[in-house]
>>> print(open('run_24.txt').read())   # compact mmCIF, C-alpha atoms
# COMPACT_ATOMS: atom_id res chain seq x y z
CA MET A 859 32.92 33.17 -143.73
CA ALA A 860 29.44 33.30 -145.06
CA GLY A 861 28.17 32.12 -148.40
CA GLU A 862 29.63 29.23 -150.32
CA ARG A 863 32.78 29.06 -148.13
CA HIS A 864 30.53 28.13 -145.21
CA ARG A 865 30.45 24.33 -144.94
CA ILE A 866 28.63 22.01 -142.57
CA ILE A 867 30.24 18.57 -142.36
CA THR A 868 28.67 15.65 -140.49
CA ILE A 869 31.16 13.17 -139.04
CA ALA A 870 29.26 9.90 -138.87
CA ASN A 871 29.56 6.14 -138.61
CA GLN A 872 27.07 3.85 -136.89
CA LYS A 873 29.94 1.84 -135.39
CA GLY A 874 31.46 3.03 -132.14
CA GLY A 875 35.19 3.26 -131.52
CA VAL A 876 36.18 4.19 -135.08
CA GLY A 877 37.64 7.60 -134.26
CA LYS A 878 34.70 9.91 -134.99
CA THR A 879 35.24 12.24 -132.05
CA THR A 880 39.04 12.12 -132.33
CA THR A 881 38.68 13.07 -135.99
CA ALA A 882 36.21 15.87 -135.22
CA ILE A 883 38.45 17.39 -132.55
CA ASN A 884 41.74 17.18 -134.41
CA LEU A 885 40.42 18.09 -137.85
CA ALA A 886 38.68 21.12 -136.32
CA THR A 887 41.89 22.10 -134.51
CA ALA A 888 43.95 21.82 -137.68
CA LEU A 889 41.45 23.96 -139.61
CA ALA A 890 41.40 26.54 -136.81
CA ALA A 891 45.21 26.61 -136.75
CA ILE A 892 45.32 27.90 -140.33
CA GLY A 893 42.89 30.69 -139.52
CA GLU A 894 39.50 29.17 -140.31
CA ARG A 895 36.70 29.94 -137.85
CA VAL A 896 35.41 26.53 -136.79
CA LEU A 897 32.49 25.26 -134.68
CA ILE A 898 31.97 21.72 -133.39
CA VAL A 899 28.43 20.75 -132.48
CA ASP A 900 28.62 17.82 -130.05
CA LEU A 901 25.57 15.64 -130.75
CA ASP A 902 26.66 12.60 -128.73
CA PRO A 903 25.05 12.39 -125.26
CA GLN A 904 28.36 10.99 -123.96
CA GLY A 905 29.91 14.40 -124.65
CA ASN A 906 33.38 13.14 -125.52
CA ALA A 907 34.11 15.97 -127.94
CA SER A 908 33.27 18.49 -125.22
CA THR A 909 35.45 16.71 -122.66
CA GLY A 910 38.28 16.29 -125.17
CA LEU A 911 38.33 20.04 -125.71
CA GLY A 912 38.53 20.79 -122.01
CA ILE A 913 34.90 21.81 -121.40
CA ASP A 914 34.05 20.94 -117.79
CA ARG A 915 30.61 19.39 -117.32
CA ARG A 916 29.77 22.09 -114.78
CA ASP A 917 30.25 24.73 -117.49
CA ARG A 918 27.73 23.15 -119.84
CA LYS A 919 24.80 25.23 -118.69
CA LEU A 920 23.34 25.11 -122.21
CA SER A 921 24.03 22.49 -124.84
CA SER A 922 23.13 21.13 -128.27
CA TYR A 923 19.90 19.93 -126.62
CA ASP A 924 18.90 23.58 -126.05
CA LEU A 925 19.85 24.41 -129.64
CA MET A 926 17.52 21.73 -131.01
CA VAL A 927 14.69 21.67 -128.47
CA GLY A 928 14.99 24.70 -126.22
CA ASP A 929 14.81 27.37 -128.89
CA ARG A 930 18.17 28.88 -127.92
CA GLY A 931 20.30 30.66 -130.51
CA ILE A 932 23.75 29.56 -131.61
CA THR A 933 25.47 32.41 -129.75
CA GLU A 934 23.81 31.46 -126.45
CA VAL A 935 24.94 27.82 -126.54
CA THR A 936 28.46 28.24 -127.96
CA LEU A 937 31.58 28.12 -125.77
CA GLU A 938 35.19 29.00 -126.51
CA THR A 939 37.73 26.16 -126.37
CA VAL A 940 41.43 26.04 -125.54
CA VAL A 941 42.10 26.38 -129.29
CA PRO A 942 41.97 29.89 -130.82
CA ASN A 943 39.31 30.12 -133.58
CA LEU A 944 37.67 26.87 -132.40
CA PHE A 945 34.29 26.94 -130.62
CA ILE A 946 31.94 24.21 -129.44
CA VAL A 947 28.28 23.67 -128.71
CA PRO A 948 28.73 21.14 -125.89
CA SER A 949 26.70 18.04 -125.19
CA THR A 950 24.91 16.89 -122.06
CA MET A 951 22.93 13.78 -121.18
CA ASP A 952 19.78 15.82 -121.91
CA LEU A 953 20.30 14.78 -125.54
CA LEU A 954 19.03 11.31 -124.60
CA GLY A 955 15.56 12.85 -124.36
CA VAL A 956 15.56 14.61 -127.74
CA GLU A 957 14.07 11.71 -129.67
CA MET A 958 11.14 11.36 -127.29
CA GLU A 959 10.46 15.10 -127.21
CA ILE A 960 10.43 15.81 -130.94
CA SER A 961 9.51 12.47 -132.53
CA GLN A 962 5.89 13.51 -133.10
CA GLN A 963 6.73 16.90 -134.61
CA SER A 964 6.48 17.31 -138.38
CA ASP A 965 9.83 19.14 -138.59
CA ARG A 966 11.66 16.68 -136.32
CA VAL A 967 14.54 16.01 -138.78
CA PHE A 968 15.04 19.72 -139.53
CA LYS A 969 15.56 21.07 -135.99
CA LEU A 970 19.32 21.35 -136.39
CA ARG A 971 19.15 22.71 -139.95
CA LYS A 972 16.91 25.52 -138.71
CA ALA A 973 19.26 26.27 -135.79
CA LEU A 974 22.30 26.40 -138.09
CA SER A 975 20.70 28.68 -140.69
CA SER A 976 21.16 31.84 -138.60
CA PRO A 977 23.64 34.59 -139.58
CA GLU A 978 25.65 33.75 -136.43
CA ALA A 979 26.10 30.16 -137.60
CA MET A 980 26.90 31.28 -141.13
CA ALA A 981 29.85 33.25 -139.74
CA PHE A 982 31.80 30.01 -139.25
CA SER A 983 33.89 28.70 -142.14
CA TYR A 984 33.35 25.13 -141.02
CA ILE A 985 30.80 23.52 -138.71
CA LEU A 986 31.61 19.92 -137.79
CA LEU A 987 28.76 17.80 -136.40
CA ASP A 988 30.02 15.00 -134.15
CA CYS A 989 27.35 12.28 -134.20
CA PRO A 990 26.53 9.44 -131.81
CA PRO A 991 27.44 5.88 -132.92
CA SER A 992 23.95 5.04 -134.20
CA PHE A 993 21.41 6.04 -136.84
CA ASN A 994 18.95 7.84 -134.62
CA LEU A 995 17.11 11.15 -134.86
CA LEU A 996 20.23 13.08 -133.82
CA THR A 997 22.21 11.62 -136.72
CA MET A 998 19.31 12.23 -139.09
CA ASN A 999 19.20 15.88 -137.98
CA ALA A 1000 22.93 16.16 -138.62
CA MET A 1001 22.63 14.71 -142.12
CA ALA A 1002 19.62 16.91 -142.90
CA ALA A 1003 21.61 20.00 -141.86
CA ALA A 1004 24.93 19.18 -143.55
CA HIS A 1005 26.45 19.79 -146.94
CA SER A 1006 28.50 16.59 -146.72
CA VAL A 1007 29.40 13.55 -144.63
CA LEU A 1008 32.91 12.63 -143.56
CA VAL A 1009 33.18 8.96 -142.60
CA PRO A 1010 35.94 7.72 -140.26
CA LEU A 1011 36.51 4.04 -141.00
CA GLN A 1012 38.58 1.78 -138.80
CA CYS A 1013 41.06 -0.48 -140.61
CA GLU A 1014 39.49 -3.76 -139.48
CA PHE A 1015 37.79 -6.80 -141.00
CA PHE A 1016 34.14 -5.66 -140.81
CA ALA A 1017 34.81 -2.11 -142.01
CA LEU A 1018 33.35 -2.47 -145.51
CA GLU A 1019 30.25 -4.23 -144.24
CA GLY A 1020 29.24 -1.29 -142.05
CA LEU A 1021 30.28 1.22 -144.69
CA SER A 1022 27.79 -0.04 -147.26
CA GLN A 1023 24.96 0.47 -144.78
CA LEU A 1024 26.11 4.01 -144.05
CA LEU A 1025 26.39 4.91 -147.72
CA GLU A 1026 22.87 3.63 -148.29
CA THR A 1027 21.65 5.83 -145.43
CA VAL A 1028 23.33 8.86 -147.01
CA SER A 1029 21.62 8.05 -150.32
CA GLN A 1030 18.28 7.73 -148.56
CA VAL A 1031 18.71 11.08 -146.80
CA ARG A 1032 19.66 12.68 -150.12
CA ARG A 1033 16.51 11.31 -151.76
CA THR A 1034 14.13 12.24 -148.96
CA VAL A 1035 15.25 15.27 -146.95
CA ASN A 1036 18.55 16.78 -148.17
CA PRO A 1037 19.31 16.68 -151.92
CA ARG A 1038 22.59 18.60 -151.47
CA LEU A 1039 24.17 15.96 -149.18
CA ASP A 1040 27.25 14.21 -150.54
CA ILE A 1041 30.22 12.22 -149.26
CA GLN A 1042 33.01 14.63 -148.27
CA GLY A 1043 35.37 11.69 -147.97
CA ILE A 1044 36.26 8.51 -146.12
CA VAL A 1045 39.18 8.67 -143.72
CA LEU A 1046 40.87 5.43 -142.70
CA THR A 1047 41.67 5.43 -138.98
CA MET A 1048 43.63 3.30 -136.50
CA PHE A 1049 45.96 2.08 -139.24
CA ASP A 1050 48.77 -0.24 -138.14
CA ALA A 1051 51.37 -0.71 -140.86
CA ARG A 1052 52.59 -3.91 -139.18
CA ASN A 1053 49.19 -5.53 -139.62
CA ASN A 1054 48.63 -7.25 -142.98
CA LEU A 1055 44.85 -7.17 -142.49
CA ALA A 1056 44.88 -3.38 -142.05
CA GLN A 1057 46.70 -2.98 -145.35
CA GLN A 1058 44.20 -5.32 -147.02
CA VAL A 1059 41.30 -3.19 -145.70
CA VAL A 1060 42.96 -0.05 -147.08
CA ASN A 1061 43.34 -1.71 -150.49
CA ASP A 1062 39.73 -2.99 -150.49
CA VAL A 1063 38.24 0.38 -149.53
CA ARG A 1064 40.31 2.22 -152.14
CA THR A 1065 39.30 -0.35 -154.80
CA HIS A 1066 35.60 0.05 -154.01
CA LEU A 1067 35.46 3.81 -153.46
CA GLY A 1068 38.42 5.28 -155.31
CA GLU A 1069 38.80 9.04 -154.97
CA LYS A 1070 36.25 9.26 -152.15
CA VAL A 1071 38.94 7.85 -149.84
CA TYR A 1072 41.42 10.37 -148.45
CA HIS A 1073 45.09 9.65 -149.11
CA THR A 1074 45.92 10.35 -145.46
CA LEU A 1075 45.93 7.33 -143.16
CA ILE A 1076 45.40 8.04 -139.45
CA PRO A 1077 47.71 5.69 -137.52
CA ARG A 1078 47.13 3.99 -134.21
CA ASN A 1079 48.93 6.35 -131.87
CA VAL A 1080 49.28 6.38 -128.08
CA ARG A 1081 49.67 10.18 -127.91
CA VAL A 1082 46.37 10.69 -129.74
CA SER A 1083 44.67 8.34 -127.26
CA GLU A 1084 46.18 10.15 -124.26
CA ALA A 1085 45.28 13.68 -125.33
CA PRO A 1086 41.53 13.72 -124.38
CA SER A 1087 42.34 12.92 -120.74
CA TYR A 1088 44.23 16.23 -120.66
CA GLY A 1089 41.31 18.10 -122.26
CA LYS A 1090 43.38 18.88 -125.34
CA PRO A 1091 43.39 17.90 -129.01
CA ALA A 1092 46.37 15.72 -129.93
CA ILE A 1093 47.67 18.58 -132.09
CA LEU A 1094 48.05 20.72 -128.94
CA TYR A 1095 49.14 17.85 -126.71
CA ASP A 1096 51.93 16.63 -128.99
CA LEU A 1097 52.19 18.35 -132.37
CA LYS A 1098 55.05 16.18 -133.59
CA CYS A 1099 53.49 12.76 -132.95
CA ALA A 1100 52.46 10.70 -135.97
CA GLY A 1101 48.73 11.08 -135.25
CA SER A 1102 48.87 14.88 -135.06
CA GLN A 1103 50.84 15.08 -138.28
CA ALA A 1104 48.29 12.83 -139.98
CA TYR A 1105 45.38 15.07 -138.92
CA LEU A 1106 47.23 18.13 -140.27
CA GLN A 1107 47.57 16.30 -143.59
CA LEU A 1108 43.89 15.40 -143.50
CA ALA A 1109 42.95 19.06 -142.97
CA SER A 1110 45.01 19.94 -146.05
CA GLU A 1111 43.10 17.35 -148.07
CA VAL A 1112 39.73 18.62 -146.82
CA ILE A 1113 40.63 22.17 -147.82
CA GLN A 1114 41.95 21.00 -151.20
CA ARG A 1115 38.64 19.23 -151.90
CA GLU A 1116 36.75 22.37 -150.97
CA ARG A 1117 38.88 24.41 -153.38
CA GLN A 1118 38.18 21.90 -156.15
CA ARG A 1119 34.46 22.08 -155.39
CA LEU A 1120 34.47 25.87 -155.58
CA ALA A 1121 36.45 25.82 -158.82
CA ALA A 1122 34.14 23.28 -160.49
>>> encode(input="run_24.txt", output="structure tokens")
Amino acid sequence: MAGERHRIITIANQKGGVGKTTTAINLATALAAIGERVLIVDLDPQGNASTGLGIDRRDRKLSSYDLMVGDRGITEVTLETVVPNLFIVPSTMDLLGVEMEISQQSDRVFKLRKALSSPEAMAFSYILLDCPPSFNLLTMNAMAAAHSVLVPLQCEFFALEGLSQLLETVSQVRRTVNPRLDIQGIVLTMFDARNNLAQQVVNDVRTHLGEKVYHTLIPRNVRVSEAPSYGKPAILYDLKCAGSQAYLQLASEVIQRERQRLAA
């Protein structure tokens, strides 16, 4: 859907292993399942989002590298996934060279914004940008292109420490290159109800950030961890598991926030 229903959401956290890619895959699947037309742009050279959606490396003839550097259009680099309504711009190791290739160019932080401003890109209801676990030029491009940032945050001791750095980066991007950027929400991942520390982290994050934190907690879940090895989102692999149900709830919250934004 074009116009104001078209939303670009960056999924970012400079820490690795917090559930960024798992969140991108399963949130996108849940949105696609209710009829939204969704695109994931895999910006991590490791390509886990591409693998987790069943895209064989041999089929990645073109990638997000070509979208940013090779002057290829969105239609040329987009592949269908196993999920109806869900498409992906896959990643390859070529992305490791992006920083070196464009670092001297004046529009280096706007490469992705330009690529996602085409009518073909605007035809998607949601575009989710899966970022690498670092604040590099790829992440900066994602934040410059996006309407909002969704932050997966692991329920562990150092969570708040890293979060403050990320929020400052978002503020800096808003001041310098993308005034429209805001925080879509913070989703707490890998929650273990048996762990007192995890509950304390949840309470601390909610105290500090209030309504920015989604109500949905994503639990630690073996089925969610297994799903990528089968090239499927958890929601396809095991719909009834606790992790899949949590991501369906998260999708409902994302859509509810979008409705509130449109109504404001």
>>> atom_distance(input="run_24.txt", atom1="CA of Thr868 (chain A)", atom2="CA of Val1007 (chain A)")
4.7 Å
>>> closest_atom_pairs(input="run_24.txt", of="region 958-1048 of chain A", to="region 876-887 of chain A", cutoff="7 Å", atoms="all atoms listed in the file", output="CSV")
residue,atom,partner,partner_atom,distance
A:Leu986,CA,A:Ala882,CA,6.6
A:Asp988,CA,A:Thr879,CA,6.3
A:Pro1010,CA,A:Lys878,CA,5.8
A:Leu1011,CA,A:Val876,CA,5.9
A:Gln1012,CA,A:Val876,CA,5.0
A:Thr1047,CA,A:Gly877,CA,6.6
>>> closest_residue(input="run_24.txt", among="A:Thr936, A:Gln872, A:Ser1087, A:Ser949", to="Ser908 (chain A)", atoms="all atoms listed in the file")
A:Ser949
>>> atom_distance(input="run_24.txt", atom1="CA of Pro903 (chain A)", atom2="CA of Leu1008 (chain A)")
19.9 Å
>>> closest_residue(input="run_24.txt", among="A:Leu1046, A:Ile1076, A:Ala1003, A:Val1063", to="Arg966 (chain A)", atoms="only C-alpha atoms")
A:Ala1003
>>> closest_residue(input="run_24.txt", among="A:Leu953, A:Val1082, A:Gly905, A:Arg1115", to="Leu1094 (chain A)", atoms="only C-alpha atoms")
A:Val1082
>>> atom_distance(input="run_24.txt", atom1="CA of Phe1049 (chain A)", atom2="CA of Arg1078 (chain A)")
5.5 Å
>>> residues_around(input="run_24.txt", residues="Leu974 (chain A)", least_positions_apart="5", cutoff="8 Å", atoms="only C-alpha atoms", output="list in words")
Ile932, Ala979, Met980 and Ala1003 of chain A
>>> closest_atom_pairs(input="run_24.txt", of="region 967-1004 of chain A", to="region 1033-1043 of chain A", cutoff="10 Å", atoms="all atoms listed in the file", output="JSON lines")
{"residue": "A:Val967", "atom": "CA", "partner": "A:Val1035", "partner_atom": "CA", "distance": 8.2}
{"residue": "A:Phe968", "atom": "CA", "partner": "A:Val1035", "partner_atom": "CA", "distance": 8.7}
{"residue": "A:Met998", "atom": "CA", "partner": "A:Val1035", "partner_atom": "CA", "distance": 9.4}
{"residue": "A:Asn999", "atom": "CA", "partner": "A:Val1035", "partner_atom": "CA", "distance": 9.8}
{"residue": "A:Met1001", "atom": "CA", "partner": "A:Leu1039", "partner_atom": "CA", "distance": 7.3}
{"residue": "A:Ala1002", "atom": "CA", "partner": "A:Asn1036", "partner_atom": "CA", "distance": 5.4}
{"residue": "A:Ala1003", "atom": "CA", "partner": "A:Asn1036", "partner_atom": "CA", "distance": 7.7}
{"residue": "A:Ala1004", "atom": "CA", "partner": "A:Leu1039", "partner_atom": "CA", "distance": 6.5}
>>> closest_residue(input="run_24.txt", among="A:Ile1044, A:Leu1120, A:Met958, A:Leu1097", to="His864 (chain A)", atoms="only C-alpha atoms")
A:Leu1120
>>> closest_residue(input="run_24.txt", among="A:Ser1022, A:Arg971, A:Gly1089, A:His1073", to="Thr939 (chain A)", atoms="all atoms listed in the file")
A:Gly1089
>>> closest_residue(input="run_24.txt", among="A:Val1059, A:Leu1021, A:Met926, A:Ala1121", to="Asp965 (chain A)", atoms="all atoms listed in the file")
A:Met926
>>> residues_around(input="run_24.txt", residues="Ala890 (chain A)", least_positions_apart="4", cutoff="12 Å", atoms="all atoms listed in the file", output="JSON, numbers by chain")
{"A": [882, 883, 884, 885, 886, 894, 895, 896, 897, 898, 939, 940, 941, 942, 943, 944, 945, 982, 983, 984, 985, 986, 1091, 1093, 1094, 1106, 1109, 1110, 1113]}
>>> decode(input="run_24.txt", residues="region 904-1001 of chain A", atoms="C-alpha atoms", output="mmCIF file, in the first residue's frame")
data_model
loop_
_atom_site.group_PDB
_atom_site.id
_atom_site.type_symbol
_atom_site.label_atom_id
_atom_site.label_comp_id
_atom_site.auth_asym_id
_atom_site.auth_seq_id
_atom_site.Cartn_x
_atom_site.Cartn_y
_atom_site.Cartn_z
ATOM 1 C CA GLN A 904 26.008 -13.044 7.532
ATOM 2 C CA GLY A 905 22.681 -13.355 5.711
ATOM 3 C CA ASN A 906 20.806 -15.077 8.525
ATOM 4 C CA ALA A 907 17.439 -13.586 7.583
ATOM 5 C CA SER A 908 17.870 -14.911 4.043
ATOM 6 C CA THR A 909 18.854 -18.375 5.286
ATOM 7 C CA GLY A 910 16.055 -18.395 7.860
ATOM 8 C CA LEU A 911 13.535 -17.807 5.081
ATOM 9 C CA GLY A 912 14.854 -20.662 2.981
ATOM 10 C CA ILE A 913 16.838 -18.652 0.408
ATOM 11 C CA ASP A 914 19.720 -20.838 -0.786
ATOM 12 C CA ARG A 915 23.027 -18.998 -1.156
ATOM 13 C CA ARG A 916 23.260 -20.183 -4.756
ATOM 14 C CA ASP A 917 20.015 -18.322 -5.526
ATOM 15 C CA ARG A 918 21.328 -14.994 -4.285
ATOM 16 C CA LYS A 919 22.524 -13.784 -7.658
ATOM 17 C CA LEU A 920 21.714 -10.201 -6.651
ATOM 18 C CA SER A 921 21.492 -8.840 -3.132
ATOM 19 C CA SER A 922 21.110 -5.766 -0.946
ATOM 20 C CA TYR A 923 24.678 -4.934 -2.013
ATOM 21 C CA ASP A 924 23.447 -4.473 -5.598
ATOM 22 C CA LEU A 925 20.534 -2.381 -4.344
ATOM 23 C CA MET A 926 22.877 0.035 -2.563
ATOM 24 C CA VAL A 927 25.972 0.007 -4.755
ATOM 25 C CA GLY A 928 25.151 -1.694 -8.040
ATOM 26 C CA ASP A 929 22.324 0.576 -9.115
ATOM 27 C CA ARG A 930 19.825 -2.287 -9.369
ATOM 28 C CA GLY A 931 16.119 -1.658 -8.823
ATOM 29 C CA ILE A 932 14.044 -3.190 -6.043
ATOM 30 C CA THR A 933 12.231 -5.547 -8.432
ATOM 31 C CA GLU A 934 15.514 -6.964 -9.763
ATOM 32 C CA VAL A 935 16.910 -7.863 -6.331
ATOM 33 C CA THR A 936 13.733 -9.113 -4.614
ATOM 34 C CA LEU A 937 12.966 -12.817 -4.168
ATOM 35 C CA GLU A 938 9.803 -14.609 -3.077
ATOM 36 C CA THR A 939 9.958 -16.556 0.196
ATOM 37 C CA VAL A 940 8.137 -19.636 1.462
ATOM 38 C CA VAL A 941 5.607 -17.261 3.062
ATOM 39 C CA PRO A 942 2.838 -15.822 0.838
ATOM 40 C CA ASN A 943 2.971 -11.989 0.738
ATOM 41 C CA LEU A 944 6.512 -11.977 2.174
ATOM 42 C CA PHE A 945 9.488 -11.061 -0.025
ATOM 43 C CA ILE A 946 13.178 -10.546 0.697
ATOM 44 C CA VAL A 947 16.160 -8.694 -0.683
ATOM 45 C CA PRO A 948 18.808 -11.249 0.333
ATOM 46 C CA SER A 949 22.267 -10.612 1.693
ATOM 47 C CA THR A 950 25.662 -11.830 0.545
ATOM 48 C CA MET A 951 29.185 -11.363 1.865
ATOM 49 C CA ASP A 952 29.582 -8.608 -0.759
ATOM 50 C CA LEU A 953 28.022 -6.303 1.842
ATOM 51 C CA LEU A 954 31.341 -6.361 3.706
ATOM 52 C CA GLY A 955 32.725 -4.156 0.944
ATOM 53 C CA VAL A 956 29.976 -1.532 0.971
ATOM 54 C CA GLU A 957 31.636 0.728 3.516
ATOM 55 C CA MET A 958 34.885 0.868 1.582
ATOM 56 C CA GLU A 959 33.141 1.481 -1.749
ATOM 57 C CA ILE A 960 30.845 4.331 -0.736
ATOM 58 C CA SER A 961 32.583 5.930 2.260
ATOM 59 C CA GLN A 962 33.950 8.815 0.179
ATOM 60 C CA GLN A 963 30.654 9.585 -1.563
ATOM 61 C CA SER A 964 28.648 12.593 -0.388
ATOM 62 C CA ASP A 965 25.359 10.634 -0.395
ATOM 63 C CA ARG A 966 26.820 7.584 1.373
ATOM 64 C CA VAL A 967 24.163 7.477 4.142
ATOM 65 C CA PHE A 968 21.274 7.921 1.689
ATOM 66 C CA LYS A 969 21.959 5.015 -0.700
ATOM 67 C CA LEU A 970 19.234 2.839 0.787
ATOM 68 C CA ARG A 971 16.725 5.689 1.144
ATOM 69 C CA LYS A 972 17.099 6.408 -2.562
ATOM 70 C CA ALA A 973 16.666 2.718 -3.452
ATOM 71 C CA LEU A 974 13.520 2.427 -1.325
ATOM 72 C CA SER A 975 11.851 5.563 -2.705
ATOM 73 C CA SER A 976 10.765 3.886 -5.954
ATOM 74 C CA PRO A 977 7.092 3.136 -6.734
ATOM 75 C CA GLU A 978 7.927 -0.596 -6.577
ATOM 76 C CA ALA A 979 9.171 -0.234 -3.001
ATOM 77 C CA MET A 980 6.204 1.940 -2.066
ATOM 78 C CA ALA A 981 3.905 -0.937 -3.037
ATOM 79 C CA PHE A 982 4.850 -2.786 0.164
ATOM 80 C CA SER A 983 2.833 -2.085 3.316
ATOM 81 C CA TYR A 984 5.859 -2.779 5.489
ATOM 82 C CA ILE A 985 9.581 -2.902 4.750
ATOM 83 C CA LEU A 986 11.668 -4.338 7.588
ATOM 84 C CA LEU A 987 15.403 -3.617 7.528
ATOM 85 C CA ASP A 988 17.419 -6.297 9.336
ATOM 86 C CA CYS A 989 20.668 -4.649 10.459
ATOM 87 C CA PRO A 990 24.077 -6.062 11.385
ATOM 88 C CA PRO A 991 25.042 -6.037 15.093
ATOM 89 C CA SER A 992 27.072 -2.822 14.882
ATOM 90 C CA PHE A 993 26.727 0.887 14.164
ATOM 91 C CA ASN A 994 28.338 0.967 10.758
ATOM 92 C CA LEU A 995 27.417 2.558 7.435
ATOM 93 C CA LEU A 996 24.848 -0.174 6.720
ATOM 94 C CA THR A 997 22.998 0.594 9.952
ATOM 95 C CA MET A 998 23.244 4.320 9.278
ATOM 96 C CA ASN A 999 21.726 3.780 5.822
ATOM 97 C CA ALA A 1000 18.900 1.802 7.408
ATOM 98 C CA MET A 1001 18.156 4.535 9.948
#
